[in-house]
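Shown next: my_file16.cif, given as mmCIF, C-alpha atoms.
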data_start
#
loop_
_atom_site.label_atom_id
_atom_site.label_comp_id
_atom_site.auth_asym_id
_atom_site.auth_seq_id
_atom_site.Cartn_x
_atom_site.Cartn_y
_atom_site.Cartn_z
CA MET A 281 -22.84 -61.60 79.76
CA ALA A 282 -21.28 -64.89 78.85
CA ALA A 283 -17.57 -65.46 79.19
CA GLY A 284 -14.95 -64.66 76.60
CA GLY A 285 -16.98 -62.23 74.50
CA ARG A 286 -19.45 -64.95 73.63
CA ARG A 287 -23.11 -64.25 73.06
CA ARG A 288 -25.55 -65.39 75.71
CA GLY A 289 -25.90 -69.15 75.87
CA ALA A 290 -23.05 -69.72 73.42
CA LEU A 291 -20.77 -71.42 75.93
CA GLU A 292 -23.55 -73.76 77.04
CA GLN A 293 -24.13 -74.71 73.40
CA GLU A 294 -20.43 -75.32 72.90
CA VAL A 295 -20.25 -77.48 76.01
CA LEU A 296 -23.22 -79.56 74.83
CA ALA A 297 -21.65 -79.87 71.38
CA SER A 298 -18.38 -80.94 72.94
CA LEU A 299 -20.02 -83.71 74.97
CA ALA A 300 -22.10 -84.86 71.99
CA ALA A 301 -19.02 -84.99 69.77
CA ALA A 302 -17.06 -86.98 72.34
CA GLY A 303 -19.86 -89.51 72.73
CA ARG A 304 -18.72 -90.39 76.26
CA PRO A 305 -18.79 -88.71 79.68
CA LEU A 306 -16.19 -85.95 80.05
CA THR A 307 -14.79 -84.23 83.12
CA VAL A 308 -14.54 -80.45 83.41
CA ALA A 309 -10.85 -80.66 82.55
CA GLU A 310 -11.55 -82.72 79.43
CA VAL A 311 -14.23 -80.31 78.21
CA LEU A 312 -11.86 -77.44 78.89
CA ALA A 313 -9.08 -79.14 76.93
CA ASP A 314 -11.47 -79.73 74.00
CA LEU A 315 -12.78 -76.16 73.93
CA GLY A 316 -9.38 -74.59 74.61
CA ASP A 317 -9.69 -70.97 73.68
CA GLY A 318 -8.33 -69.53 76.93
CA LEU A 319 -11.43 -70.32 78.93
CA ALA A 320 -11.19 -70.44 82.71
CA TYR A 321 -11.77 -73.77 84.47
CA THR A 322 -14.47 -72.26 86.67
CA THR A 323 -16.29 -70.85 83.63
CA VAL A 324 -16.60 -74.29 82.06
CA MET A 325 -17.49 -75.85 85.40
CA THR A 326 -20.29 -73.31 85.90
CA ALA A 327 -21.69 -73.99 82.43
CA LEU A 328 -21.63 -77.75 83.06
CA SER A 329 -23.36 -77.52 86.42
CA ARG A 330 -25.95 -75.13 85.05
CA LEU A 331 -26.78 -77.58 82.24
CA HIS A 332 -26.89 -80.38 84.80
CA ALA A 333 -29.31 -78.34 86.92
CA LYS A 334 -31.53 -77.89 83.84
CA GLY A 335 -31.58 -81.65 83.38
CA ALA A 336 -29.70 -81.53 80.08
CA LEU A 337 -26.71 -83.42 81.47
CA SER A 338 -26.27 -86.41 83.72
CA ARG A 339 -23.15 -86.76 85.82
CA GLU A 340 -21.27 -89.47 87.66
CA PRO A 341 -18.39 -89.12 90.09
CA VAL A 342 -14.99 -89.97 88.64
CA GLY A 343 -12.34 -89.82 91.33
CA ARG A 344 -12.69 -86.42 92.96
CA ALA A 345 -14.45 -84.83 89.96
CA PHE A 346 -17.63 -85.39 88.00
CA ALA A 347 -17.89 -86.71 84.47
CA TYR A 348 -20.77 -85.19 82.50
CA ALA A 349 -22.75 -86.69 79.63
CA LEU A 350 -25.83 -85.71 77.62
CA ALA A 351 -28.89 -86.81 79.59
CA ALA A 352 -30.84 -89.56 77.82
CA ASP A 353 -34.35 -88.43 78.68
CA PRO A 354 -37.53 -89.53 76.86
CA ALA A 355 -38.21 -85.98 75.67
CA ALA A 356 -34.90 -86.04 73.81
CA LEU A 357 -36.02 -89.07 71.80
CA GLU A 358 -39.21 -87.33 70.75
CA ALA A 359 -37.21 -84.21 69.98
CA SER A 360 -34.87 -86.06 67.69
CA LEU A 361 -37.85 -87.54 65.85
CA THR A 362 -39.20 -84.03 65.32
CA ALA A 363 -35.80 -82.84 64.20
CA ARG A 364 -35.45 -85.79 61.79
CA ARG A 365 -38.81 -84.99 60.27
CA MET A 366 -37.68 -81.42 59.66
CA SER A 367 -34.41 -82.50 58.08
CA ARG A 368 -36.27 -84.94 55.82
CA LEU A 369 -38.31 -81.98 54.62
CA LEU A 370 -35.07 -80.15 53.89
CA ASP A 371 -33.77 -83.15 52.00
CA ALA A 372 -36.81 -83.30 49.79
CA GLY A 373 -35.08 -80.40 48.05
CA THR A 374 -38.38 -78.68 47.37
CA ASP A 375 -38.89 -75.20 48.76
CA ARG A 376 -41.54 -76.69 51.03
CA ALA A 377 -39.12 -76.29 53.92
CA ASP A 378 -37.48 -73.08 52.94
CA VAL A 379 -37.89 -71.53 56.36
CA LEU A 380 -34.97 -73.70 57.47
CA ALA A 381 -31.45 -72.46 56.94
CA ARG A 382 -28.92 -75.24 56.53
CA PHE A 383 -25.31 -74.56 57.52
CA VAL A 384 -23.84 -75.88 54.28
CA ALA A 385 -25.49 -76.65 50.96
CA ASP A 386 -24.74 -79.69 48.81
CA LEU A 387 -21.55 -79.51 46.81
CA GLY A 388 -21.00 -79.69 43.09
CA PRO A 389 -18.22 -81.97 41.75
CA ALA A 390 -15.71 -79.14 41.37
CA ASP A 391 -16.50 -77.71 44.82
CA GLU A 392 -15.11 -80.72 46.71
CA ARG A 393 -11.67 -80.30 45.17
CA VAL A 394 -11.57 -76.56 45.93
CA LEU A 395 -12.63 -77.04 49.54
CA THR A 396 -10.23 -79.94 50.07
CA GLU A 397 -7.42 -77.74 48.80
CA LEU A 398 -8.55 -74.96 51.11
CA LEU A 399 -8.28 -77.28 54.10
CA ALA A 400 -5.05 -78.92 52.93
CA GLY A 401 -3.41 -75.59 52.20
CA ASP A 402 -4.32 -74.55 55.65
CA ARG A 403 -2.82 -77.57 57.34
CA ARG A 404 0.64 -76.28 56.45
CA ASP A 405 -0.36 -73.14 58.28
CA PRO A 406 0.83 -73.36 61.91
CA ASP A 407 -2.34 -71.64 63.12
CA ASP A 408 -4.69 -74.53 62.34
CA GLY A 409 -8.01 -74.57 64.19
CA ARG A 410 -7.30 -78.11 65.36
CA GLY A 411 -3.98 -77.11 66.83
CA GLU A 412 -5.24 -74.57 69.32
CA PRO A 413 -3.61 -75.29 72.66
CA GLY A 414 -6.08 -76.17 75.37
CA GLY A 415 -6.45 -73.63 78.12
CA GLY A 416 -2.90 -72.41 78.30
CA ASP A 417 -2.97 -69.94 75.43
CA PRO A 418 -2.32 -66.58 77.04
CA ASP A 419 -2.69 -64.71 73.76
CA GLY A 420 -6.06 -66.18 72.87
CA GLY A 421 -7.32 -65.44 76.36
CA ALA A 422 -6.06 -61.89 76.42
CA GLY A 423 -7.34 -61.13 72.93
CA ARG A 424 -10.84 -62.09 73.84
CA ARG A 425 -11.44 -60.23 77.04
CA MET B 1404 -45.94 -46.43 33.00
CA CYS B 1405 -43.82 -49.45 32.22
CA LEU B 1406 -41.02 -48.16 34.47
CA PRO B 1407 -41.80 -50.71 37.25
CA LEU B 1408 -41.46 -53.52 34.70
CA VAL B 1409 -38.11 -52.13 33.59
CA VAL B 1410 -37.00 -51.77 37.21
CA SER B 1411 -38.13 -55.34 37.97
CA ALA B 1412 -36.19 -56.73 35.03
CA LEU B 1413 -33.17 -54.65 35.97
CA LEU B 1414 -33.38 -55.69 39.61
CA GLY B 1415 -33.77 -59.34 38.63
CA ALA B 1416 -30.71 -59.10 36.39
CA THR B 1417 -28.47 -57.17 38.79
CA ALA B 1418 -29.56 -58.62 42.15
CA PRO B 1419 -27.03 -61.50 42.13
CA ARG B 1420 -24.19 -58.99 41.59
CA LEU B 1421 -25.60 -56.52 44.10
CA GLY B 1422 -25.96 -59.33 46.62
CA ARG B 1423 -22.27 -60.18 46.26
CA ARG B 1424 -20.96 -56.62 46.24
CA LEU B 1425 -22.95 -55.05 49.07
CA PRO B 1426 -22.13 -55.97 52.68
CA PRO B 1427 -24.41 -58.98 53.41
CA ALA B 1428 -26.62 -57.30 56.03
CA THR B 1429 -27.16 -54.28 53.77
CA ALA B 1430 -27.76 -56.54 50.78
CA VAL B 1431 -30.47 -58.53 52.58
CA ARG B 1432 -32.34 -55.47 53.81
CA LEU B 1433 -31.98 -53.34 50.70
CA LEU B 1434 -32.67 -56.13 48.20
CA THR B 1435 -35.72 -57.38 50.09
CA ALA B 1436 -37.12 -53.85 50.30
CA ALA B 1437 -36.37 -53.33 46.60
CA LEU B 1438 -38.02 -56.64 45.64
CA LEU B 1439 -41.17 -55.88 47.61
CA LEU B 1440 -41.39 -52.38 46.20
CA ALA B 1441 -40.77 -53.53 42.62
CA ALA B 1442 -43.39 -56.27 42.97
CA LEU B 1443 -45.95 -53.83 44.37
CA ALA B 1444 -45.18 -51.22 41.70
CA THR B 1445 -45.43 -53.80 38.91
CA GLY B 1446 -48.71 -55.15 40.24
CA PHE B 1447 -50.02 -51.62 40.56
CA VAL B 1448 -49.24 -50.46 37.01
CA LEU B 1449 -50.58 -53.71 35.56
CA ALA B 1450 -53.77 -53.17 37.53
CA VAL B 1451 -53.98 -49.55 36.30
CA ALA B 1452 -53.46 -50.60 32.67
CA GLY B 1453 -56.12 -53.26 33.07
CA ALA B 1454 -58.55 -50.85 34.76
CA LEU B 1455 -58.16 -48.22 32.06
CA VAL B 1456 -59.04 -50.72 29.34
CA LEU B 1457 -61.77 -52.56 31.25
CA GLY B 1458 -63.23 -49.20 32.28
CA GLN B 1459 -63.98 -48.49 28.63
CA VAL B 1460 -66.29 -51.51 28.38
CA PRO B 1461 -69.76 -49.91 28.27
CA VAL B 1462 -71.26 -52.12 31.01
CA VAL B 1463 -68.36 -51.40 33.37
CA ALA B 1464 -68.55 -47.67 32.59
CA ALA B 1465 -72.27 -47.63 33.36
CA VAL B 1466 -71.76 -49.37 36.69
CA GLY B 1467 -68.91 -47.00 37.58
CA HIS B 1468 -70.85 -43.93 36.44
CA TRP B 1469 -68.12 -42.63 34.15
CA SER B 1470 -67.90 -41.83 30.47
CA ALA B 1471 -66.20 -44.65 28.56
CA ARG B 1472 -65.14 -42.27 25.81
CA ALA B 1473 -63.68 -39.65 28.18
CA LEU B 1474 -61.81 -42.37 30.07
CA GLY B 1475 -60.36 -43.78 26.86
CA ALA B 1476 -59.35 -40.45 25.33
CA GLY B 1477 -55.59 -40.37 24.93
CA VAL B 1478 -54.97 -43.49 27.03
CA PRO B 1479 -51.54 -44.79 26.01
CA VAL B 1480 -52.53 -48.42 26.66
CA PRO B 1481 -53.65 -50.47 23.62
CA THR B 1482 -56.79 -52.50 24.34
CA GLY B 1483 -55.07 -55.86 23.88
CA VAL B 1484 -52.24 -54.91 26.24
CA GLY B 1485 -54.65 -53.66 28.88
CA ALA B 1486 -56.72 -56.84 28.75
CA LEU B 1487 -53.58 -58.95 28.99
CA ALA B 1488 -52.38 -56.84 31.93
CA ALA B 1489 -55.67 -57.46 33.73
CA VAL B 1490 -55.35 -61.23 33.25
CA VAL B 1491 -51.68 -61.26 34.29
CA VAL B 1492 -52.22 -59.16 37.40
CA CYS B 1493 -55.00 -61.48 38.57
CA GLY B 1494 -52.74 -64.49 38.02
CA LEU B 1495 -49.85 -62.87 39.89
CA ALA B 1496 -52.05 -61.77 42.78
CA GLY B 1497 -53.24 -65.36 43.06
CA ALA B 1498 -49.68 -66.67 43.02
CA ALA B 1499 -48.63 -64.15 45.68
CA LEU B 1500 -51.56 -65.11 47.88
CA ARG B 1501 -50.74 -68.81 47.58
CA ARG B 1502 -47.08 -68.09 48.38
CA ALA B 1503 -48.05 -66.00 51.41
CA VAL B 1504 -50.30 -68.76 52.76
CA ARG B 1505 -47.60 -71.36 52.20
CA GLY B 1506 -44.89 -69.21 53.80
CA GLY B 1507 -47.14 -68.60 56.78
CA SER B 1508 -47.94 -72.27 57.23
CA ASP B 1509 -44.25 -73.24 56.91
CA LEU B 1510 -43.29 -70.71 59.58
CA LEU B 1511 -46.10 -71.95 61.80
CA ARG B 1512 -45.00 -75.56 61.36
CA SER B 1513 -41.45 -74.63 62.21
CA ALA B 1514 -42.61 -72.73 65.30
CA LEU B 1515 -44.66 -75.76 66.40
CA ALA B 1516 -41.63 -78.01 65.90
CA CYS B 1517 -39.64 -75.61 68.08
CA ARG B 1518 -42.26 -75.95 70.79
CA GLN B 1519 -42.07 -79.72 70.60
CA LEU B 1520 -38.32 -79.40 70.97
CA GLY B 1521 -38.89 -77.09 73.94
CA ALA B 1522 -37.78 -79.21 76.86
CA ALA B 1523 -35.09 -81.00 74.91
CA GLY B 1524 -33.26 -77.93 73.74
CA PRO B 1525 -31.52 -76.23 76.63
CA ALA B 1526 -29.55 -73.22 75.43
CA GLY B 1527 -31.44 -73.50 72.15
CA LEU B 1528 -29.39 -76.43 70.87
CA VAL B 1529 -30.89 -79.78 69.89
CA VAL B 1530 -28.41 -82.59 69.30
CA VAL B 1531 -29.80 -85.37 67.12
CA PRO B 1532 -28.03 -88.75 67.25
CA ASP B 1533 -27.56 -89.37 63.53
CA GLU B 1534 -24.80 -90.57 61.21
CA ASP B 1535 -25.68 -87.95 58.61
CA PRO B 1536 -23.70 -84.73 59.17
CA ASP B 1537 -26.27 -81.96 59.18
CA ALA B 1538 -27.03 -78.65 60.89
CA TYR B 1539 -29.77 -76.09 60.49
CA ALA B 1540 -31.64 -73.33 62.26
CA LEU B 1541 -35.31 -73.93 63.03
CA PRO B 1542 -37.09 -70.58 63.39
CA GLY B 1543 -39.81 -70.07 65.98
CA LEU B 1544 -40.72 -67.74 68.83
CA THR B 1545 -37.49 -68.93 70.39
CA GLY B 1546 -35.80 -70.77 67.56
CA ARG B 1547 -33.65 -73.86 67.85
CA VAL B 1548 -30.37 -74.92 66.35
CA VAL B 1549 -30.46 -78.56 65.28
CA VAL B 1550 -27.16 -80.40 64.80
CA THR B 1551 -26.49 -84.10 64.30
CA THR B 1552 -23.80 -85.92 66.27
CA ALA B 1553 -22.03 -86.80 63.01
CA MET B 1554 -21.66 -83.10 62.18
CA LEU B 1555 -20.34 -82.33 65.67
CA ARG B 1556 -17.79 -85.16 65.42
CA ALA B 1557 -16.65 -83.90 62.01
CA LEU B 1558 -15.56 -80.52 63.37
CA PRO B 1559 -12.91 -79.55 65.94
CA ALA B 1560 -14.20 -77.38 68.81
CA PRO B 1561 -13.29 -73.95 67.33
CA GLU B 1562 -15.13 -74.83 64.11
CA ARG B 1563 -18.13 -76.12 66.05
CA ARG B 1564 -18.20 -72.69 67.59
CA VAL B 1565 -18.38 -71.14 64.10
CA LEU B 1566 -21.29 -73.41 63.18
CA LEU B 1567 -23.21 -72.55 66.36
CA ALA B 1568 -22.55 -68.83 65.90
CA HIS B 1569 -23.69 -69.02 62.26
CA GLU B 1570 -27.00 -70.68 63.10
CA ALA B 1571 -27.56 -68.38 66.08
CA ALA B 1572 -27.11 -65.40 63.75
CA HIS B 1573 -29.86 -66.76 61.46
CA LEU B 1574 -32.24 -66.90 64.40
CA ARG B 1575 -31.16 -63.62 66.01
CA HIS B 1576 -31.63 -61.58 62.83
CA ARG B 1577 -34.82 -63.46 61.85
CA HIS B 1578 -33.36 -64.29 58.46
CA HIS B 1579 -36.29 -66.54 57.65
CA LEU B 1580 -38.61 -63.51 57.53
CA TRP B 1581 -36.40 -61.70 55.02
CA VAL B 1582 -36.23 -64.80 52.85
CA GLN B 1583 -39.98 -65.30 53.01
CA ALA B 1584 -40.62 -61.65 52.11
CA ALA B 1585 -38.24 -61.91 49.13
CA GLU B 1586 -39.92 -65.13 48.00
CA LEU B 1587 -43.31 -63.44 48.24
CA ALA B 1588 -42.09 -60.60 46.02
CA ALA B 1589 -40.73 -63.13 43.51
CA ALA B 1590 -44.06 -64.97 43.46
CA ALA B 1591 -45.88 -61.70 42.75
CA ASP B 1592 -43.39 -60.69 40.06
CA PRO B 1593 -41.48 -63.57 38.42
CA LEU B 1594 -38.98 -61.12 36.92
CA LEU B 1595 -37.62 -60.84 40.47
CA ARG B 1596 -36.91 -64.57 40.90
CA PRO B 1597 -33.08 -64.14 40.74
CA GLY B 1598 -33.47 -61.43 43.39
CA ALA B 1599 -35.03 -63.84 45.86
CA ARG B 1600 -32.16 -66.27 45.28
CA ALA B 1601 -29.72 -63.41 45.89
CA VAL B 1602 -31.40 -62.66 49.24
CA ARG B 1603 -31.06 -66.33 50.25
CA ALA B 1604 -27.37 -66.26 49.39
CA ALA B 1605 -26.85 -62.94 51.18
CA VAL B 1606 -28.53 -64.31 54.31
CA GLU B 1607 -25.95 -67.10 54.46
CA ARG B 1608 -23.16 -64.58 53.97
CA TRP B 1609 -24.61 -62.41 56.75
CA ALA B 1610 -24.58 -65.35 59.16
CA ASP B 1611 -21.03 -66.23 58.03
CA GLU B 1612 -19.85 -62.68 58.72
CA ASP B 1613 -21.49 -62.71 62.15
CA ALA B 1614 -19.89 -66.04 62.99
CA ALA B 1615 -16.47 -64.87 61.78
CA ALA B 1616 -16.80 -61.73 63.91
CA GLU B 1617 -17.81 -63.77 66.94
CA VAL B 1618 -14.83 -66.12 66.75
CA GLY B 1619 -12.60 -63.27 65.59
CA ASP B 1620 -11.01 -65.35 62.82
CA ARG B 1621 -12.21 -65.32 59.21
CA ALA B 1622 -9.95 -68.18 58.10
CA LEU B 1623 -11.31 -70.35 60.91
CA ALA B 1624 -14.86 -69.63 59.73
CA ALA B 1625 -13.91 -70.56 56.14
CA ARG B 1626 -12.35 -73.83 57.35
CA ALA B 1627 -15.50 -74.67 59.31
CA LEU B 1628 -17.60 -74.24 56.16
CA ALA B 1629 -15.23 -76.34 54.08
CA ARG B 1630 -14.98 -79.16 56.61
CA ALA B 1631 -18.71 -79.28 57.28
CA ALA B 1632 -19.56 -79.29 53.56
CA LEU B 1633 -17.00 -82.02 52.82
CA ALA B 1634 -18.25 -84.14 55.72
CA ARG B 1635 -21.77 -83.82 54.38
CA SER B 1636 -20.86 -84.70 50.84
CA ALA B 1637 -18.72 -87.66 51.98
CA ALA B 1638 -21.69 -89.08 53.89
CA ARG B 1639 -24.03 -88.86 50.91
CA PRO B 1640 -22.07 -89.46 47.72
CA ARG B 1641 -24.17 -88.12 44.85
CA SER B 1642 -27.44 -89.40 46.21
CA ALA B 1643 -29.29 -86.32 45.05
CA PRO B 1644 -30.57 -86.20 41.48
CA ALA B 1645 -28.32 -84.27 39.10
CA GLY B 1646 -30.79 -81.44 38.73
CA ALA B 1647 -31.03 -80.80 42.46
CA LEU B 1648 -27.33 -80.04 42.75
CA ALA B 1649 -27.35 -77.24 40.25
CA ALA B 1650 -29.02 -74.75 42.58
CA THR B 1651 -26.26 -74.94 45.18
CA ASP B 1652 -23.19 -75.62 43.05
CA GLY B 1653 -20.41 -73.32 44.13
CA ALA B 1654 -22.41 -71.71 46.92
CA VAL B 1655 -20.21 -73.00 49.76
CA VAL B 1656 -17.04 -72.23 47.79
CA ASP B 1657 -18.23 -68.66 47.19
CA ARG B 1658 -18.93 -68.22 50.90
CA ALA B 1659 -15.54 -69.60 51.92
CA ARG B 1660 -13.77 -67.37 49.39
CA ALA B 1661 -15.69 -64.31 50.58
CA LEU B 1662 -14.57 -65.02 54.14
CA LEU B 1663 -10.95 -65.42 53.08
CA ALA B 1664 -11.10 -62.23 51.00
CA GLY B 1665 -11.43 -60.04 54.09
CA PRO B 1666 -14.22 -57.93 55.58
CA PRO B 1667 -16.70 -56.59 52.99
CA PRO B 1668 -16.28 -52.86 52.23
CA PRO B 1669 -19.38 -50.74 53.05
CA ARG B 1670 -19.92 -49.48 49.44
CA ARG B 1671 -22.29 -46.76 50.58
CA TRP B 1672 -22.51 -45.22 47.08
CA LEU B 1673 -23.83 -48.50 45.66
CA ALA B 1674 -26.46 -48.81 48.39
CA GLY B 1675 -27.32 -45.13 47.80
CA ALA B 1676 -27.72 -45.70 44.06
CA VAL B 1677 -30.11 -48.60 44.64
CA GLY B 1678 -32.03 -46.46 47.13
CA ALA B 1679 -32.27 -43.62 44.58
CA VAL B 1680 -33.69 -45.95 41.91
CA LEU B 1681 -36.26 -47.18 44.43
CA LEU B 1682 -37.28 -43.62 45.33
CA ALA B 1683 -37.60 -42.68 41.65
CA THR B 1684 -39.73 -45.76 41.02
CA SER B 1685 -41.98 -44.95 43.98
CA ALA B 1686 -42.37 -41.38 42.75
CA ALA B 1687 -43.23 -42.54 39.22
CA VAL B 1688 -45.80 -45.00 40.55
CA LEU B 1689 -47.39 -42.34 42.75
CA VAL B 1690 -47.63 -40.00 39.74
CA THR B 1691 -49.23 -42.78 37.67
CA GLY B 1692 -51.67 -43.40 40.51
CA ALA B 1693 -52.59 -39.73 40.80
CA ASP B 1694 -52.95 -39.41 37.00
CA THR B 1695 -55.23 -42.41 36.83
CA ASP B 1696 -57.29 -41.16 39.72
CA ALA B 1697 -57.69 -37.77 38.01
CA ARG B 1698 -58.63 -39.47 34.72
CA PHE B 1699 -61.40 -41.49 36.37
CA ASP B 1700 -62.63 -38.36 38.20
CA ALA B 1701 -62.75 -36.41 34.94
CA ALA B 1702 -64.56 -39.23 33.18
CA GLN B 1703 -67.08 -39.36 36.02
CA SER B 1704 -67.74 -35.61 35.83
CA VAL B 1705 -68.32 -35.88 32.07
CA TYR B 1706 -70.76 -38.75 32.76
CA GLY B 1707 -72.56 -36.67 35.39
CA SER B 1708 -72.86 -33.57 33.18
CA ARG B 1709 -74.67 -35.49 30.45
#

This structure in structure tokens:
Amino acid sequence: MAAGGRRRGALEQEVLASLAAAGRPLTVAEVLADLGDGLAYTTVMTALSRLHAKGALSREPVGRAFAYALAADPAALEASLTARRMSRLLDAGTDRADVLARFVADLGPADERVLTELLAGDRRDPDDGRGEPGGGDPDGGAGRR
Amino acid sequence: MCLPLVVSALLGATAPRLGRRLPPATAVRLLTAALLLAALATGFVLAVAGALVLGQVPVVAAVGHWSARALGAGVPVPTGVGALAAVVVCGLAGAALRRAVRGGSDLLRSALACRQLGAAGPAGLVVVPDEDPDAYALPGLTGRVVVTTAMLRALPAPERRVLLAHEAAHLRHRHHLWVQAAELAAAADPLLRPGARAVRAAVERWADEDAAAEVGDRALAARALARAALARSAARPRSAPAGALAATDGAVVDRARALLAGPPPPRRWLAGAVGAVLLATSAAVLVTGADTDARFDAAQSVYGSR
């Protein structure tokens, strides 16, 4: 099973998402700091090298470590065209594409205010998602295993 | 005989409430089963009503070798109603067939898109470089999660994890099949239309609950929804026509509130009550079927004895 009570493949997805969000090559330590969540260094390193072995990531040496980035292969370009076509279908708003499940629907005018308040109210909360300490959170680690 | 119609209307009217009150996974399964059953039962009694009236037409009776008079004796269906039922049931069957073909072709197209994404989606995730924050699950034999870079940048890592878990739940539980089945039922019986919408909403709630369970933090899941929805609406300020927004108004807010409200109670009695109504409907339809069968048999024996 995957690390930290995650479903199979979840950590690899999170690592890919992390690199895509950063938009630049990241070292194992940087990915670990981004993901936080009490993950072990070796766990993240294994996920990165597995993705590299699959050809999903490219890597370059940085000092004594490697920095990983999303591989820019030709298949990815074609894939993103396919994906764009599907999302255009979703945007058409017809039920033509109702096999697709979008994460969040469009908002009504009143919804934006409510959701903004939800996030703002939460920022006063010390346990904000953004504020999770990277790696060194013994509680988060213990709670998950 | 008109019990299925009553049940359909009732189900259509109560499905949105049922969908919110039942635990999402139960709601999806139970409502979809109820919608399919109600649609079948409605189609069946309409067909029976139509057959009883059409069967009294002399030409039809001669072809079927039954007595038109014996068939019509004591039939509770007025001629006009029966004829209308026959027309309506043909129309609905046609609509259901069209919907089934369309649903099938949509699923096939999605599966083909997944295959095209094959090499480019290690771990089932396809990242699309795009400034429009968006994320969706693409069902297929092995489905894909498609996320744009703008959406990934909009969310901190723990919330990205919620998003990925949510979409993975859609694929793992084959939510698209439940939605398609509910839509098929609604096409066959338009009284059930609100029920199909309730199944769609419950499917999102199911994936939200799965994601919240996976990250072990309901508030985190609610924040992920809020931030993703706000990022999306900031990137496309009111570009959609006014009418298009109405269908989804409040949907994200409802989901976030449901997450913050705590785990859904099982409400077994409610699920049991819905199940009991379904059983009663099935029984009534079976009785109607048997009655009709007996009536045609009797009419045939009268025809034969002449």

Name all residues at most 9 Å from B:Gly1458 (count all atoms listed in the file; drop same-chain ones fewer than 6 positions away) and give them as a ChimeraX atom specification.
/B:1464,1467,1469-1471,1474-1475,1699

Please dump the current selection as a PDB file, keeping the file's coordinate frame; keep C-alpha atoms.
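Contents of the output file result-v5.pdb:
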ATOM      1  CA  ALA B1464     -68.550 -47.670  32.590  1.00  0.00           C
ATOM      2  CA  GLY B1467     -68.910 -47.000  37.580  1.00  0.00           C
ATOM      3  CA  TRP B1469     -68.120 -42.630  34.150  1.00  0.00           C
ATOM      4  CA  SER B1470     -67.900 -41.830  30.470  1.00  0.00           C
ATOM      5  CA  ALA B1471     -66.200 -44.650  28.560  1.00  0.00           C
ATOM      6  CA  LEU B1474     -61.810 -42.370  30.070  1.00  0.00           C
ATOM      7  CA  GLY B1475     -60.360 -43.780  26.860  1.00  0.00           C
ATOM      8  CA  PHE B1699     -61.400 -41.490  36.370  1.00  0.00           C
TER       9      PHE B1699
END

For the PyMOL selection byres ((chain A and resi 343-360) around 7), applied here, can you spell out every residue it catches as a PyMOL selection string?
(chain A and resi 299-300+304-307+335-342+361-364) or (chain B and resi 1519-1520+1522-1523+1531)

Please dump the current selection as a PDB file, in the frame of the given file; keep C-alpha atoms.
ATOM      1  CA  LEU A 299     -20.020 -83.710  74.970  1.00  0.00           C
ATOM      2  CA  ALA A 300     -22.100 -84.860  71.990  1.00  0.00           C
ATOM      3  CA  ARG A 304     -18.720 -90.390  76.260  1.00  0.00           C
ATOM      4  CA  PRO A 305     -18.790 -88.710  79.680  1.00  0.00           C
ATOM      5  CA  LEU A 306     -16.190 -85.950  80.050  1.00  0.00           C
ATOM      6  CA  THR A 307     -14.790 -84.230  83.120  1.00  0.00           C
ATOM      7  CA  GLY A 335     -31.580 -81.650  83.380  1.00  0.00           C
ATOM      8  CA  ALA A 336     -29.700 -81.530  80.080  1.00  0.00           C
ATOM      9  CA  LEU A 337     -26.710 -83.420  81.470  1.00  0.00           C
ATOM     10  CA  SER A 338     -26.270 -86.410  83.720  1.00  0.00           C
ATOM     11  CA  ARG A 339     -23.150 -86.760  85.820  1.00  0.00           C
ATOM     12  CA  GLU A 340     -21.270 -89.470  87.660  1.00  0.00           C
ATOM     13  CA  PRO A 341     -18.390 -89.120  90.090  1.00  0.00           C
ATOM     14  CA  VAL A 342     -14.990 -89.970  88.640  1.00  0.00           C
ATOM     15  CA  LEU A 361     -37.850 -87.540  65.850  1.00  0.00           C
ATOM     16  CA  THR A 362     -39.200 -84.030  65.320  1.00  0.00           C
ATOM     17  CA  ALA A 363     -35.800 -82.840  64.200  1.00  0.00           C
ATOM     18  CA  ARG A 364     -35.450 -85.790  61.790  1.00  0.00           C
TER      19      ARG A 364
ATOM     20  CA  GLN B1519     -42.070 -79.720  70.600  1.00  0.00           C
ATOM     21  CA  LEU B1520     -38.320 -79.400  70.970  1.00  0.00           C
ATOM     22  CA  ALA B1522     -37.780 -79.210  76.860  1.00  0.00           C
ATOM     23  CA  ALA B1523     -35.090 -81.000  74.910  1.00  0.00           C
ATOM     24  CA  VAL B1531     -29.800 -85.370  67.120  1.00  0.00           C
TER      25      VAL B1531
END

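Near chain B, within 6 Å and using all atoms listed in the file, the residues of chain A are Gly289, Gln293, Ala301, Leu315, Ala355, Ala356, Ala359, Ser360, Val379, Leu380, Ala381, Arg382, Phe383, Val384, Leu387, Gly388, Asp391, Leu395 and Arg410 of chain A.
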
Test item: the PyMOL selection byres ((chain B and resi 1479-1495) around 10) resolved as an MDAnalysis selection string:
chainID B and resid 1404 1442 1445:1457 1459 1475:1478 1496:1501 1589:1593

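Evaluated against the shown file, the PyMOL selection byres ((chain B and resi 1429-1438) around 7) gives B:Gly1422, B:Leu1425, B:Pro1426, B:Pro1427, B:Ala1428, B:Leu1439, B:Leu1440, B:Ala1441, B:Ala1442, B:Trp1581, B:Ala1584, B:Ala1585, B:Ala1588, B:Leu1595, B:Gly1598, B:Val1602, B:Ala1605, B:Val1606, B:Leu1681.
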
Between atom CA of B:Val1705 and atom CA of B:Val1460, measure the distance and give it in Å to one decimal.
16.2 Å

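The nearest approach to A:Arg286 among the residues A:Leu331, A:Ala302, A:Leu319, A:Ala385, with all atoms listed in the file taken into account, belongs to A:Leu319.
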